[in-house]
>>> print(open('upload.pdb').read())   # PDB, C-alpha atoms and all ligand atoms
MODEL        1
ATOM      1  CA  MET A   1      -3.729  -8.576 -12.481  1.00  0.00           C
ATOM      2  CA  ARG A   2      -3.816 -12.342 -11.850  1.00  0.00           C
ATOM      3  CA  ARG A   3      -0.525 -14.136 -11.242  1.00  0.00           C
ATOM      4  CA  ASP A   4      -0.725 -16.056 -14.528  1.00  0.00           C
ATOM      5  CA  ASP A   5      -1.414 -12.851 -16.429  1.00  0.00           C
ATOM      6  CA  LEU A   6       1.728 -11.172 -15.069  1.00  0.00           C
ATOM      7  CA  ARG A   7       3.895 -14.021 -16.287  1.00  0.00           C
ATOM      8  CA  GLU A   8       2.138 -14.402 -19.629  1.00  0.00           C
ATOM      9  CA  THR A   9       2.297 -10.684 -20.363  1.00  0.00           C
ATOM     10  CA  LEU A  10       6.002 -10.553 -19.603  1.00  0.00           C
ATOM     11  CA  GLU A  11       6.617 -13.582 -21.799  1.00  0.00           C
ATOM     12  CA  ARG A  12       4.640 -12.020 -24.655  1.00  0.00           C
ATOM     13  CA  ASP A  13       5.808  -8.381 -24.503  1.00  0.00           C
ATOM     14  CA  GLY A  14       9.051  -8.495 -22.513  1.00  0.00           C
ATOM     15  CA  PHE A  15       7.581  -6.149 -19.882  1.00  0.00           C
ATOM     16  CA  VAL A  16       4.528  -5.972 -17.639  1.00  0.00           C
ATOM     17  CA  VAL A  17       3.010  -3.193 -15.532  1.00  0.00           C
ATOM     18  CA  ILE A  18       2.261  -4.042 -11.883  1.00  0.00           C
ATOM     19  CA  PRO A  19      -0.287  -1.418 -10.772  1.00  0.00           C
ATOM     20  CA  GLY A  20      -0.069  -0.460  -7.089  1.00  0.00           C
ATOM     21  CA  LEU A  21       2.879  -2.703  -6.186  1.00  0.00           C
ATOM     22  CA  LEU A  22       3.273  -0.588  -3.060  1.00  0.00           C
ATOM     23  CA  PRO A  23       0.317   0.725  -1.034  1.00  0.00           C
ATOM     24  CA  ASP A  24       0.545   4.359   0.118  1.00  0.00           C
ATOM     25  CA  ALA A  25       1.888   3.673   3.634  1.00  0.00           C
ATOM     26  CA  GLU A  26       4.718   1.475   2.303  1.00  0.00           C
ATOM     27  CA  LEU A  27       5.530   3.967  -0.432  1.00  0.00           C
ATOM     28  CA  SER A  28       5.792   6.741   2.186  1.00  0.00           C
ATOM     29  CA  GLN A  29       8.093   4.617   4.338  1.00  0.00           C
ATOM     30  CA  LEU A  30      10.324   3.907   1.315  1.00  0.00           C
ATOM     31  CA  GLN A  31      10.406   7.597   0.400  1.00  0.00           C
ATOM     32  CA  GLU A  32      11.343   8.586   3.967  1.00  0.00           C
ATOM     33  CA  ASN A  33      14.235   6.131   3.895  1.00  0.00           C
ATOM     34  CA  LEU A  34      15.365   7.394   0.494  1.00  0.00           C
ATOM     35  CA  GLU A  35      15.409  10.935   1.853  1.00  0.00           C
ATOM     36  CA  ARG A  36      17.408   9.774   4.883  1.00  0.00           C
ATOM     37  CA  TYR A  37      19.838   7.915   2.589  1.00  0.00           C
ATOM     38  CA  ALA A  38      20.323  10.996   0.368  1.00  0.00           C
ATOM     39  CA  ARG A  39      20.936  13.179   3.436  1.00  0.00           C
ATOM     40  CA  GLU A  40      23.105  10.893   5.586  1.00  0.00           C
ATOM     41  CA  VAL A  41      24.644   8.181   3.392  1.00  0.00           C
ATOM     42  CA  VAL A  42      25.193   9.761  -0.046  1.00  0.00           C
ATOM     43  CA  PRO A  43      27.810  12.267   1.234  1.00  0.00           C
ATOM     44  CA  THR A  44      29.906   9.292   2.464  1.00  0.00           C
ATOM     45  CA  LEU A  45      29.743   7.239  -0.767  1.00  0.00           C
ATOM     46  CA  PRO A  46      32.481   6.716  -3.348  1.00  0.00           C
ATOM     47  CA  ASP A  47      31.902   8.349  -6.757  1.00  0.00           C
ATOM     48  CA  ALA A  48      31.001   4.994  -8.328  1.00  0.00           C
ATOM     49  CA  ASP A  49      27.927   4.559  -6.105  1.00  0.00           C
ATOM     50  CA  ALA A  50      26.293   8.000  -6.480  1.00  0.00           C
ATOM     51  CA  PHE A  51      26.205   9.700  -9.880  1.00  0.00           C
ATOM     52  CA  PHE A  52      25.554  13.417 -10.242  1.00  0.00           C
ATOM     53  CA  GLU A  53      25.199  15.487 -13.378  1.00  0.00           C
ATOM     54  CA  ASP A  54      27.245  18.070 -11.495  1.00  0.00           C
ATOM     55  CA  LYS A  55      28.775  16.949  -8.207  1.00  0.00           C
ATOM     56  CA  THR A  56      28.914  20.503  -6.919  1.00  0.00           C
ATOM     57  CA  ARG A  57      25.088  20.624  -7.118  1.00  0.00           C
ATOM     58  CA  PRO A  58      23.497  17.942  -4.874  1.00  0.00           C
ATOM     59  CA  GLU A  59      20.113  18.539  -6.540  1.00  0.00           C
ATOM     60  CA  THR A  60      21.494  16.955  -9.751  1.00  0.00           C
ATOM     61  CA  LEU A  61      21.851  13.486  -8.144  1.00  0.00           C
ATOM     62  CA  GLU A  62      20.839  11.040 -10.907  1.00  0.00           C
ATOM     63  CA  GLN A  63      21.615   7.502  -9.828  1.00  0.00           C
ATOM     64  CA  LEU A  64      22.413   5.439  -6.741  1.00  0.00           C
ATOM     65  CA  GLN A  65      23.886   1.949  -6.903  1.00  0.00           C
ATOM     66  CA  ARG A  66      24.753  -0.737  -4.330  1.00  0.00           C
ATOM     67  CA  MET A  67      22.370   0.655  -1.723  1.00  0.00           C
ATOM     68  CA  GLY A  68      22.736  -2.519   0.338  1.00  0.00           C
ATOM     69  CA  CYS A  69      25.444  -0.696   2.325  1.00  0.00           C
ATOM     70  CA  ASP A  70      22.495   0.608   4.385  1.00  0.00           C
ATOM     71  CA  ALA A  71      20.644  -1.819   6.684  1.00  0.00           C
ATOM     72  CA  TYR A  72      17.167  -0.707   5.576  1.00  0.00           C
ATOM     73  CA  PHE A  73      17.936  -1.208   1.892  1.00  0.00           C
ATOM     74  CA  GLU A  74      19.807  -4.462   2.490  1.00  0.00           C
ATOM     75  CA  GLY A  75      16.635  -5.708   4.228  1.00  0.00           C
ATOM     76  CA  TYR A  76      14.521  -4.459   1.319  1.00  0.00           C
ATOM     77  CA  ARG A  77      15.943  -7.222  -0.890  1.00  0.00           C
ATOM     78  CA  SER A  78      13.629  -9.676   0.846  1.00  0.00           C
ATOM     79  CA  HIS A  79      10.526  -7.443   0.803  1.00  0.00           C
ATOM     80  CA  PRO A  80       7.662  -9.957   0.381  1.00  0.00           C
ATOM     81  CA  ARG A  81       5.683  -7.936  -2.185  1.00  0.00           C
ATOM     82  CA  TRP A  82       8.683  -7.535  -4.459  1.00  0.00           C
ATOM     83  CA  VAL A  83       9.949 -11.093  -4.070  1.00  0.00           C
ATOM     84  CA  GLN A  84       6.496 -12.552  -4.645  1.00  0.00           C
ATOM     85  CA  ALA A  85       5.988 -10.462  -7.806  1.00  0.00           C
ATOM     86  CA  ALA A  86       9.434 -11.441  -9.116  1.00  0.00           C
ATOM     87  CA  GLU A  87       8.989 -15.146  -8.431  1.00  0.00           C
ATOM     88  CA  THR A  88       5.533 -15.105 -10.022  1.00  0.00           C
ATOM     89  CA  ILE A  89       6.891 -13.483 -13.165  1.00  0.00           C
ATOM     90  CA  LEU A  90      10.011 -15.626 -13.396  1.00  0.00           C
ATOM     91  CA  GLY A  91       8.215 -18.844 -12.425  1.00  0.00           C
ATOM     92  CA  GLU A  92      10.997 -19.859 -10.045  1.00  0.00           C
ATOM     93  CA  ALA A  93      12.683 -18.794  -6.795  1.00  0.00           C
ATOM     94  CA  ALA A  94      14.624 -15.569  -7.271  1.00  0.00           C
ATOM     95  CA  LEU A  95      17.305 -13.528  -5.520  1.00  0.00           C
ATOM     96  CA  ALA A  96      17.375  -9.746  -5.448  1.00  0.00           C
ATOM     97  CA  GLU A  97      20.458  -7.713  -6.286  1.00  0.00           C
ATOM     98  CA  GLN A  98      21.106  -4.553  -4.278  1.00  0.00           C
ATOM     99  CA  PRO A  99      18.540  -1.768  -4.742  1.00  0.00           C
ATOM    100  CA  GLU A 100      19.130   1.116  -7.116  1.00  0.00           C
ATOM    101  CA  TRP A 101      17.580   4.553  -7.485  1.00  0.00           C
ATOM    102  CA  PHE A 102      17.257   6.569 -10.696  1.00  0.00           C
ATOM    103  CA  ASN A 103      16.317  10.190 -11.258  1.00  0.00           C
ATOM    104  CA  LYS A 104      16.104  12.634 -14.111  1.00  0.00           C
ATOM    105  CA  PRO A 105      16.032  15.895 -12.167  1.00  0.00           C
ATOM    106  CA  PRO A 106      14.293  18.879 -13.808  1.00  0.00           C
ATOM    107  CA  GLY A 107      16.726  21.000 -15.737  1.00  0.00           C
ATOM    108  CA  THR A 108      19.066  18.108 -16.576  1.00  0.00           C
ATOM    109  CA  ARG A 109      19.348  16.551 -20.028  1.00  0.00           C
ATOM    110  CA  HIS A 110      20.152  12.970 -19.074  1.00  0.00           C
ATOM    111  CA  VAL A 111      18.838  10.313 -21.485  1.00  0.00           C
ATOM    112  CA  THR A 112      18.849   6.569 -20.858  1.00  0.00           C
ATOM    113  CA  PRO A 113      20.441   4.993 -23.947  1.00  0.00           C
ATOM    114  CA  PRO A 114      18.736   1.954 -25.521  1.00  0.00           C
ATOM    115  CA  HIS A 115      20.164  -1.178 -23.948  1.00  0.00           C
ATOM    116  CA  GLN A 116      19.471  -4.744 -22.816  1.00  0.00           C
ATOM    117  CA  ASP A 117      20.179  -5.252 -19.111  1.00  0.00           C
ATOM    118  CA  ASN A 118      21.563  -8.734 -19.566  1.00  0.00           C
ATOM    119  CA  TYR A 119      24.272  -7.317 -21.815  1.00  0.00           C
ATOM    120  CA  TYR A 120      25.559  -5.931 -18.500  1.00  0.00           C
ATOM    121  CA  PHE A 121      24.584  -8.837 -16.225  1.00  0.00           C
ATOM    122  CA  CYS A 122      25.890 -11.726 -18.420  1.00  0.00           C
ATOM    123  CA  LEU A 123      23.450 -14.306 -16.973  1.00  0.00           C
ATOM    124  CA  LYS A 124      22.694 -17.645 -18.647  1.00  0.00           C
ATOM    125  CA  PRO A 125      19.899 -18.417 -19.219  1.00  0.00           C
ATOM    126  CA  PRO A 126      18.712 -14.788 -19.036  1.00  0.00           C
ATOM    127  CA  GLN A 127      16.086 -15.596 -16.396  1.00  0.00           C
ATOM    128  CA  VAL A 128      16.346 -12.131 -14.924  1.00  0.00           C
ATOM    129  CA  ILE A 129      13.981  -9.191 -14.532  1.00  0.00           C
ATOM    130  CA  THR A 130      14.182  -5.659 -13.236  1.00  0.00           C
ATOM    131  CA  ILE A 131      11.269  -4.305 -11.210  1.00  0.00           C
ATOM    132  CA  TRP A 132      11.227  -0.508 -11.554  1.00  0.00           C
ATOM    133  CA  LEU A 133       8.897   1.371  -9.193  1.00  0.00           C
ATOM    134  CA  ALA A 134       7.758   4.937  -9.938  1.00  0.00           C
ATOM    135  CA  LEU A 135       8.236   7.340  -7.021  1.00  0.00           C
ATOM    136  CA  ASP A 136       6.830  10.290  -8.970  1.00  0.00           C
ATOM    137  CA  GLU A 137       4.192  10.526 -11.644  1.00  0.00           C
ATOM    138  CA  VAL A 138       6.151   9.368 -14.688  1.00  0.00           C
ATOM    139  CA  ASP A 139       5.133  10.126 -18.277  1.00  0.00           C
ATOM    140  CA  ALA A 140       6.404  11.115 -21.717  1.00  0.00           C
ATOM    141  CA  GLU A 141       7.261  14.638 -20.584  1.00  0.00           C
ATOM    142  CA  ASN A 142       9.586  13.673 -17.728  1.00  0.00           C
ATOM    143  CA  GLY A 143      11.184  10.620 -19.358  1.00  0.00           C
ATOM    144  CA  CYS A 144       9.196   7.435 -18.738  1.00  0.00           C
ATOM    145  CA  LEU A 145      10.647   4.081 -19.786  1.00  0.00           C
ATOM    146  CA  ARG A 146      10.066   2.964 -23.387  1.00  0.00           C
ATOM    147  CA  TYR A 147      10.237  -0.674 -24.416  1.00  0.00           C
ATOM    148  CA  VAL A 148      10.655  -2.357 -27.786  1.00  0.00           C
ATOM    149  CA  ALA A 149       7.841  -4.861 -27.345  1.00  0.00           C
ATOM    150  CA  GLY A 150       8.833  -8.459 -28.028  1.00  0.00           C
ATOM    151  CA  SER A 151      12.556  -7.651 -28.348  1.00  0.00           C
ATOM    152  CA  HIS A 152      13.424 -10.068 -25.498  1.00  0.00           C
ATOM    153  CA  ARG A 153      12.900 -12.932 -27.982  1.00  0.00           C
ATOM    154  CA  GLU A 154      15.298 -11.569 -30.612  1.00  0.00           C
ATOM    155  CA  GLY A 155      18.728 -12.123 -29.070  1.00  0.00           C
ATOM    156  CA  TYR A 156      21.426  -9.592 -28.312  1.00  0.00           C
ATOM    157  CA  ARG A 157      21.882  -6.394 -30.270  1.00  0.00           C
ATOM    158  CA  PRO A 158      25.335  -4.868 -30.704  1.00  0.00           C
ATOM    159  CA  HIS A 159      26.280  -2.500 -27.884  1.00  0.00           C
ATOM    160  CA  ALA A 160      29.070   0.068 -27.844  1.00  0.00           C
ATOM    161  CA  ARG A 161      30.554   2.242 -25.131  1.00  0.00           C
ATOM    162  CA  SER A 162      28.405   5.208 -24.220  1.00  0.00           C
ATOM    163  CA  GLN A 163      29.398   8.472 -22.582  1.00  0.00           C
ATOM    164  CA  ILE A 164      26.310   8.408 -20.357  1.00  0.00           C
ATOM    165  CA  LEU A 165      27.179   7.908 -16.723  1.00  0.00           C
ATOM    166  CA  GLY A 166      25.361   4.886 -15.254  1.00  0.00           C
ATOM    167  CA  PHE A 167      24.921   3.215 -18.654  1.00  0.00           C
ATOM    168  CA  SER A 168      28.345   2.257 -19.908  1.00  0.00           C
ATOM    169  CA  GLN A 169      27.002   0.505 -23.032  1.00  0.00           C
ATOM    170  CA  GLY A 170      24.190   1.387 -25.433  1.00  0.00           C
ATOM    171  CA  ILE A 171      22.796  -0.298 -28.552  1.00  0.00           C
ATOM    172  CA  SER A 172      24.825   0.983 -31.490  1.00  0.00           C
ATOM    173  CA  ASP A 173      22.386   0.263 -34.352  1.00  0.00           C
ATOM    174  CA  TYR A 174      19.138   1.478 -32.754  1.00  0.00           C
ATOM    175  CA  GLY A 175      17.041   2.964 -35.556  1.00  0.00           C
ATOM    176  CA  PRO A 176      13.621   3.785 -37.072  1.00  0.00           C
ATOM    177  CA  SER A 177      12.407   0.170 -37.035  1.00  0.00           C
ATOM    178  CA  ASP A 178      12.975   0.171 -33.251  1.00  0.00           C
ATOM    179  CA  PHE A 179      11.393   3.572 -32.617  1.00  0.00           C
ATOM    180  CA  VAL A 180       8.121   2.499 -34.281  1.00  0.00           C
ATOM    181  CA  ARG A 181       7.854  -0.543 -31.999  1.00  0.00           C
ATOM    182  CA  GLU A 182       8.405   1.429 -28.789  1.00  0.00           C
ATOM    183  CA  VAL A 183       5.786   1.391 -26.056  1.00  0.00           C
ATOM    184  CA  ALA A 184       5.971   4.263 -23.555  1.00  0.00           C
ATOM    185  CA  VAL A 185       4.975   3.274 -20.006  1.00  0.00           C
ATOM    186  CA  PRO A 186       3.484   6.087 -17.889  1.00  0.00           C
ATOM    187  CA  LEU A 187       3.122   5.190 -14.208  1.00  0.00           C
ATOM    188  CA  LYS A 188       1.722   6.655 -11.008  1.00  0.00           C
ATOM    189  CA  PRO A 189       3.724   6.649  -7.749  1.00  0.00           C
ATOM    190  CA  GLY A 190       3.572   3.132  -6.277  1.00  0.00           C
ATOM    191  CA  ASP A 191       3.050   1.478  -9.688  1.00  0.00           C
ATOM    192  CA  ALA A 192       5.876  -0.616 -11.089  1.00  0.00           C
ATOM    193  CA  VAL A 193       6.929  -2.094 -14.384  1.00  0.00           C
ATOM    194  CA  ALA A 194       8.939  -5.313 -14.669  1.00  0.00           C
ATOM    195  CA  HIS A 195      11.110  -5.982 -17.710  1.00  0.00           C
ATOM    196  CA  HIS A 196      13.012  -9.011 -18.905  1.00  0.00           C
ATOM    197  CA  GLY A 197      16.817  -8.833 -19.031  1.00  0.00           C
ATOM    198  CA  MET A 198      16.799  -9.106 -22.839  1.00  0.00           C
ATOM    199  CA  THR A 199      14.111  -6.443 -23.475  1.00  0.00           C
ATOM    200  CA  ILE A 200      15.406  -3.339 -25.231  1.00  0.00           C
ATOM    201  CA  HIS A 201      14.483  -0.190 -23.337  1.00  0.00           C
ATOM    202  CA  ARG A 202      15.458   3.463 -23.161  1.00  0.00           C
ATOM    203  CA  ALA A 203      14.136   6.783 -21.868  1.00  0.00           C
ATOM    204  CA  ASP A 204      14.197  10.358 -23.095  1.00  0.00           C
ATOM    205  CA  ALA A 205      15.521  13.242 -21.038  1.00  0.00           C
ATOM    206  CA  ASN A 206      13.207  15.010 -18.607  1.00  0.00           C
ATOM    207  CA  MET A 207      11.697  17.939 -20.514  1.00  0.00           C
ATOM    208  CA  SER A 208       9.828  19.304 -17.498  1.00  0.00           C
ATOM    209  CA  ALA A 209      11.226  22.394 -15.823  1.00  0.00           C
ATOM    210  CA  VAL A 210       9.820  21.457 -12.409  1.00  0.00           C
ATOM    211  CA  ARG A 211       9.077  17.733 -12.064  1.00  0.00           C
ATOM    212  CA  HIS A 212      11.533  15.055 -10.975  1.00  0.00           C
ATOM    213  CA  ARG A 213      11.415  11.551 -12.452  1.00  0.00           C
ATOM    214  CA  ARG A 214      12.453   9.346  -9.545  1.00  0.00           C
ATOM    215  CA  SER A 215      12.300   5.569  -9.399  1.00  0.00           C
ATOM    216  CA  PHE A 216      13.520   2.744  -7.195  1.00  0.00           C
ATOM    217  CA  ALA A 217      14.485  -0.585  -8.752  1.00  0.00           C
ATOM    218  CA  MET A 218      15.674  -4.086  -7.936  1.00  0.00           C
ATOM    219  CA  VAL A 219      16.997  -6.757 -10.280  1.00  0.00           C
ATOM    220  CA  PHE A 220      15.849 -10.313  -9.539  1.00  0.00           C
ATOM    221  CA  ARG A 221      17.605 -13.302 -10.976  1.00  0.00           C
ATOM    222  CA  GLY A 222      16.069 -16.745 -11.059  1.00  0.00           C
ATOM    223  CA  VAL A 223      17.982 -19.462  -9.252  1.00  0.00           C
ATOM    224  CA  SER A 224      18.492 -21.267 -12.579  1.00  0.00           C
ATOM    225  CA  CYS A 225      20.848 -18.497 -13.826  1.00  0.00           C
ATOM    226  CA  THR A 226      24.593 -18.649 -13.725  1.00  0.00           C
ATOM    227  CA  ARG A 227      26.917 -15.809 -14.591  1.00  0.00           C
ATOM    228  CA  ASP A 228      29.463 -15.888 -17.423  1.00  0.00           C
ATOM    229  CA  GLU A 229      32.214 -14.545 -15.162  1.00  0.00           C
ATOM    230  CA  GLU A 230      34.672 -13.712 -17.963  1.00  0.00           C
ATOM    231  CA  ALA A 231      32.099 -11.687 -19.903  1.00  0.00           C
ATOM    232  CA  PHE A 232      31.005  -9.987 -16.656  1.00  0.00           C
ATOM    233  CA  GLU A 233      34.604  -9.038 -15.804  1.00  0.00           C
ATOM    234  CA  ARG A 234      34.929  -7.465 -19.277  1.00  0.00           C
ATOM    235  CA  TYR A 235      31.755  -5.465 -18.624  1.00  0.00           C
ATOM    236  CA  LEU A 236      33.017  -4.303 -15.181  1.00  0.00           C
ATOM    237  CA  GLN A 237      36.296  -3.267 -16.745  1.00  0.00           C
ATOM    238  CA  SER A 238      34.534  -1.223 -19.432  1.00  0.00           C
ATOM    239  CA  ALA A 239      32.343   0.447 -16.768  1.00  0.00           C
ATOM    240  CA  ARG A 240      35.469   1.280 -14.699  1.00  0.00           C
ATOM    241  CA  SER A 241      37.232   2.730 -17.705  1.00  0.00           C
ATOM    242  CA  GLN A 242      34.155   4.818 -18.591  1.00  0.00           C
ATOM    243  CA  HIS A 243      34.118   6.161 -15.023  1.00  0.00           C
ATOM    244  CA  GLN A 244      37.781   7.094 -15.270  1.00  0.00           C
ATOM    245  CA  SER A 245      37.308   8.799 -18.635  1.00  0.00           C
ATOM    246  CA  LEU A 246      34.415  10.819 -17.180  1.00  0.00           C
ATOM    247  CA  GLY A 247      36.629  11.977 -14.321  1.00  0.00           C
ATOM    248  CA  LEU A 248      35.135   9.924 -11.480  1.00  0.00           C
ATOM    249  CA  ASN A 249      37.338   9.146  -8.547  1.00  0.00           C
ATOM    250  CA  VAL A 250      37.560   5.297  -8.863  1.00  0.00           C
TER     251      VAL A 250
HETATM  252  O1  LIG B   1      15.519   4.766 -15.025  1.00  0.00           O
HETATM  253  C1  LIG B   1      15.993   4.706 -16.151  1.00  0.00           C
HETATM  254  O2  LIG B   1      15.946   5.642 -16.962  1.00  0.00           O
HETATM  255  C2  LIG B   1      16.679   3.462 -16.627  1.00  0.00           C
HETATM  256  C3  LIG B   1      16.454   2.269 -15.798  1.00  0.00           C
HETATM  257  C4  LIG B   1      16.945   1.027 -16.460  1.00  0.00           C
HETATM  258  O3  LIG B   1      17.427   1.032 -17.569  1.00  0.00           O
HETATM  259  C5  LIG B   1      16.804  -0.230 -15.749  1.00  0.00           C
HETATM  260  O4  LIG B   1      16.424  -0.222 -14.556  1.00  0.00           O
HETATM  261  O5  LIG B   1      17.070  -1.279 -16.357  1.00  0.00           O
ENDMDL
END
>>> encode(input="upload.pdb", output="structure tokens", more="lines below")
Ligand SMILES: O=C(O)CCC(=O)C(=O)O
Amino acid sequence: MRRDDLRETLERDGFVVIPGLLPDAELSQLQENLERYAREVVPTLPDADAFFEDKTRPETLEQLQRMGCDAYFEGYRSHPRWVQAAETILGEAALAEQPEWFNKPPGTRHVTPPHQDNYYFCLKPPQVITIWLALDEVDAENGCLRYVAGSHREGYRPHARSQILGFSQGISDYGPSDFVREVAVPLKPGDAVAHHGMTIHRADANMSAVRHRRSFAMVFRGVSCTRDEEAFERYLQSARSQHQSLGLNV
């Protein structure tokens, strides 16, 4: 897709697919480093940086946050392909937050509640996108992302505390008029989708008995953003209290 098309599509729909963001050799290198991180770094992390459905079963690892503690992933924040895509879409220079990893392992029932990322980030203006790269084949069966097209232009929706680890807040009035506007985004490994910080999105649980649904993501914020620090502190507090209520060691 041409550069202008990426930006225009995101402005119109609130999300845009970037086919083949990573060529095979770069995808393999990323996957090798993710395997190394899971093997060597995850066992050393605090509960708040590695979420499991069941901590006694390492195969139920569902989410990794703040991966910049590792030199490879800290360096990944300036990966030229990602930065160039983000700056093209945002139309300004952008800075990457620390990488994250998401999974819905087979046999788990972990949904992603409907939410708007900037409800968490508290950036003004919301010149922020997430680039979410598929590591596996991702489709309706194993819980691909679903977007409410055009919702990035409609302001904030009410959010309330959720009991889903990794997503402390979810939209509280999500209903039939949202479901009919949803667009499911199937992807192949190496493809990515970018979404605006105000775009409503969610994902179903993985219904496959055998397939993982792994992804690797980075949030990019345009240099024109500033953070509402008070609102952000309230969000951090609510995330901490959710972690405590779910029994995490924080
Ligand atoms: O991977 C998922 O299910 C959710 C990811 C997400 O909500 C995000 O990256 O903004």
>>> residues_near_ligand(input="upload.pdb", ligand="ligand LIG 1 (chain B)", cutoff="7 Å", atoms="only C-alpha atoms and all ligand atoms", output="PyMOL selection string")
chain A and resi 102-103+112+117+130+132+145+201-203+215+217
>>> residues_around(input="upload.pdb", residues="Tyr156 in chain A", least_positions_apart="6", cutoff="8 Å", atoms="all atoms listed in the file", output="JSON, numbers by chain")
{"A": [116, 119, 198]}
>>> resolve_selection(input="upload.pdb", expression="the PyMOL selection byres (((chain A and resi 72) around 12) and not hetatm)", output="PyMOL selection string")
chain A and resi 29-34+36-37+41+67-71+73-79+98-99
>>> residues_near_point(input="upload.pdb", point="(4.9, 6.6, -11.5)", cutoff="12 Å", atoms="all atoms listed in the file", output="ChimeraX atom specification")
/A:17-22,27,103,132-140,142-145,185-193,211-216
>>> write_last_selection(input="upload.pdb", atoms="C-alpha atoms", output="PDB file, keeping the file's coordinate frame")
ATOM      1  CA  VAL A  17       3.010  -3.193 -15.532  1.00  0.00           C
ATOM      2  CA  ILE A  18       2.261  -4.042 -11.883  1.00  0.00           C
ATOM      3  CA  PRO A  19      -0.287  -1.418 -10.772  1.00  0.00           C
ATOM      4  CA  GLY A  20      -0.069  -0.460  -7.089  1.00  0.00           C
ATOM      5  CA  LEU A  21       2.879  -2.703  -6.186  1.00  0.00           C
ATOM      6  CA  LEU A  22       3.273  -0.588  -3.060  1.00  0.00           C
ATOM      7  CA  LEU A  27       5.530   3.967  -0.432  1.00  0.00           C
ATOM      8  CA  ASN A 103      16.317  10.190 -11.258  1.00  0.00           C
ATOM      9  CA  TRP A 132      11.227  -0.508 -11.554  1.00  0.00           C
ATOM     10  CA  LEU A 133       8.897   1.371  -9.193  1.00  0.00           C
ATOM     11  CA  ALA A 134       7.758   4.937  -9.938  1.00  0.00           C
ATOM     12  CA  LEU A 135       8.236   7.340  -7.021  1.00  0.00           C
ATOM     13  CA  ASP A 136       6.830  10.290  -8.970  1.00  0.00           C
ATOM     14  CA  GLU A 137       4.192  10.526 -11.644  1.00  0.00           C
ATOM     15  CA  VAL A 138       6.151   9.368 -14.688  1.00  0.00           C
ATOM     16  CA  ASP A 139       5.133  10.126 -18.277  1.00  0.00           C
ATOM     17  CA  ALA A 140       6.404  11.115 -21.717  1.00  0.00           C
ATOM     18  CA  ASN A 142       9.586  13.673 -17.728  1.00  0.00           C
ATOM     19  CA  GLY A 143      11.184  10.620 -19.358  1.00  0.00           C
ATOM     20  CA  CYS A 144       9.196   7.435 -18.738  1.00  0.00           C
ATOM     21  CA  LEU A 145      10.647   4.081 -19.786  1.00  0.00           C
ATOM     22  CA  VAL A 185       4.975   3.274 -20.006  1.00  0.00           C
ATOM     23  CA  PRO A 186       3.484   6.087 -17.889  1.00  0.00           C
ATOM     24  CA  LEU A 187       3.122   5.190 -14.208  1.00  0.00           C
ATOM     25  CA  LYS A 188       1.722   6.655 -11.008  1.00  0.00           C
ATOM     26  CA  PRO A 189       3.724   6.649  -7.749  1.00  0.00           C
ATOM     27  CA  GLY A 190       3.572   3.132  -6.277  1.00  0.00           C
ATOM     28  CA  ASP A 191       3.050   1.478  -9.688  1.00  0.00           C
ATOM     29  CA  ALA A 192       5.876  -0.616 -11.089  1.00  0.00           C
ATOM     30  CA  VAL A 193       6.929  -2.094 -14.384  1.00  0.00           C
ATOM     31  CA  ARG A 211       9.077  17.733 -12.064  1.00  0.00           C
ATOM     32  CA  HIS A 212      11.533  15.055 -10.975  1.00  0.00           C
ATOM     33  CA  ARG A 213      11.415  11.551 -12.452  1.00  0.00           C
ATOM     34  CA  ARG A 214      12.453   9.346  -9.545  1.00  0.00           C
ATOM     35  CA  SER A 215      12.300   5.569  -9.399  1.00  0.00           C
ATOM     36  CA  PHE A 216      13.520   2.744  -7.195  1.00  0.00           C
TER      37      PHE A 216
END
>>> axis_aligned_box(input="upload.pdb", around="range 171-174 of chain A", padding_each_side="3 Å", output="lines of an AutoDock Vina configuration file")
center_x = 22.0
center_y = 0.6
center_z = -31.5
size_x = 11.7
size_y = 7.8
size_z = 11.8
>>> atom_distance(input="upload.pdb", atom1="CA of Val148 in chain A", atom2="CA of Glu182 in chain A")
4.5 Å
>>> closest_residue(input="upload.pdb", among="A:Pro43, A:Pro80, A:Phe121, A:Gly155", to="Lys55 in chain A", atoms="all atoms listed in the file")
A:Pro43
>>> closest_residue(input="upload.pdb", among="A:Phe232, A:Val16, A:Thr108, A:Asp24", to="Glu59 in chain A", atoms="all atoms listed in the file")
A:Thr108
>>> residues_around(input="upload.pdb", residues="range 87-97 of chain A", least_positions_apart="2", cutoff="8 Å", atoms="all atoms listed in the file", output="list in words")
Arg3, Asp4, Leu6, Arg7, Leu10, Arg77, Ser78, Val83, Gln84, Ala85, Pro99, Gln127, Val128, Ile129, Met218, Val219, Phe220, Arg221, Gly222 and Val223 of chain A
>>> write_last_selection(input="upload.pdb", atoms="C-alpha atoms", output="CSV table (one decimal), in the coordinates of the input")
chain,number,residue,atom,x,y,z
A,3,ARG,CA,-0.5,-14.1,-11.2
A,4,ASP,CA,-0.7,-16.1,-14.5
A,6,LEU,CA,1.7,-11.2,-15.1
A,7,ARG,CA,3.9,-14.0,-16.3
A,10,LEU,CA,6.0,-10.6,-19.6
A,77,ARG,CA,15.9,-7.2,-0.9
A,78,SER,CA,13.6,-9.7,0.8
A,83,VAL,CA,9.9,-11.1,-4.1
A,84,GLN,CA,6.5,-12.6,-4.6
A,85,ALA,CA,6.0,-10.5,-7.8
A,99,PRO,CA,18.5,-1.8,-4.7
A,127,GLN,CA,16.1,-15.6,-16.4
A,128,VAL,CA,16.3,-12.1,-14.9
A,129,ILE,CA,14.0,-9.2,-14.5
A,218,MET,CA,15.7,-4.1,-7.9
A,219,VAL,CA,17.0,-6.8,-10.3
A,220,PHE,CA,15.8,-10.3,-9.5
A,221,ARG,CA,17.6,-13.3,-11.0
A,222,GLY,CA,16.1,-16.7,-11.1
A,223,VAL,CA,18.0,-19.5,-9.3
>>> closest_residue(input="upload.pdb", among="A:Arg240, A:His115, A:Arg161, A:Arg109", to="His196 in chain A", atoms="only C-alpha atoms")
A:His115
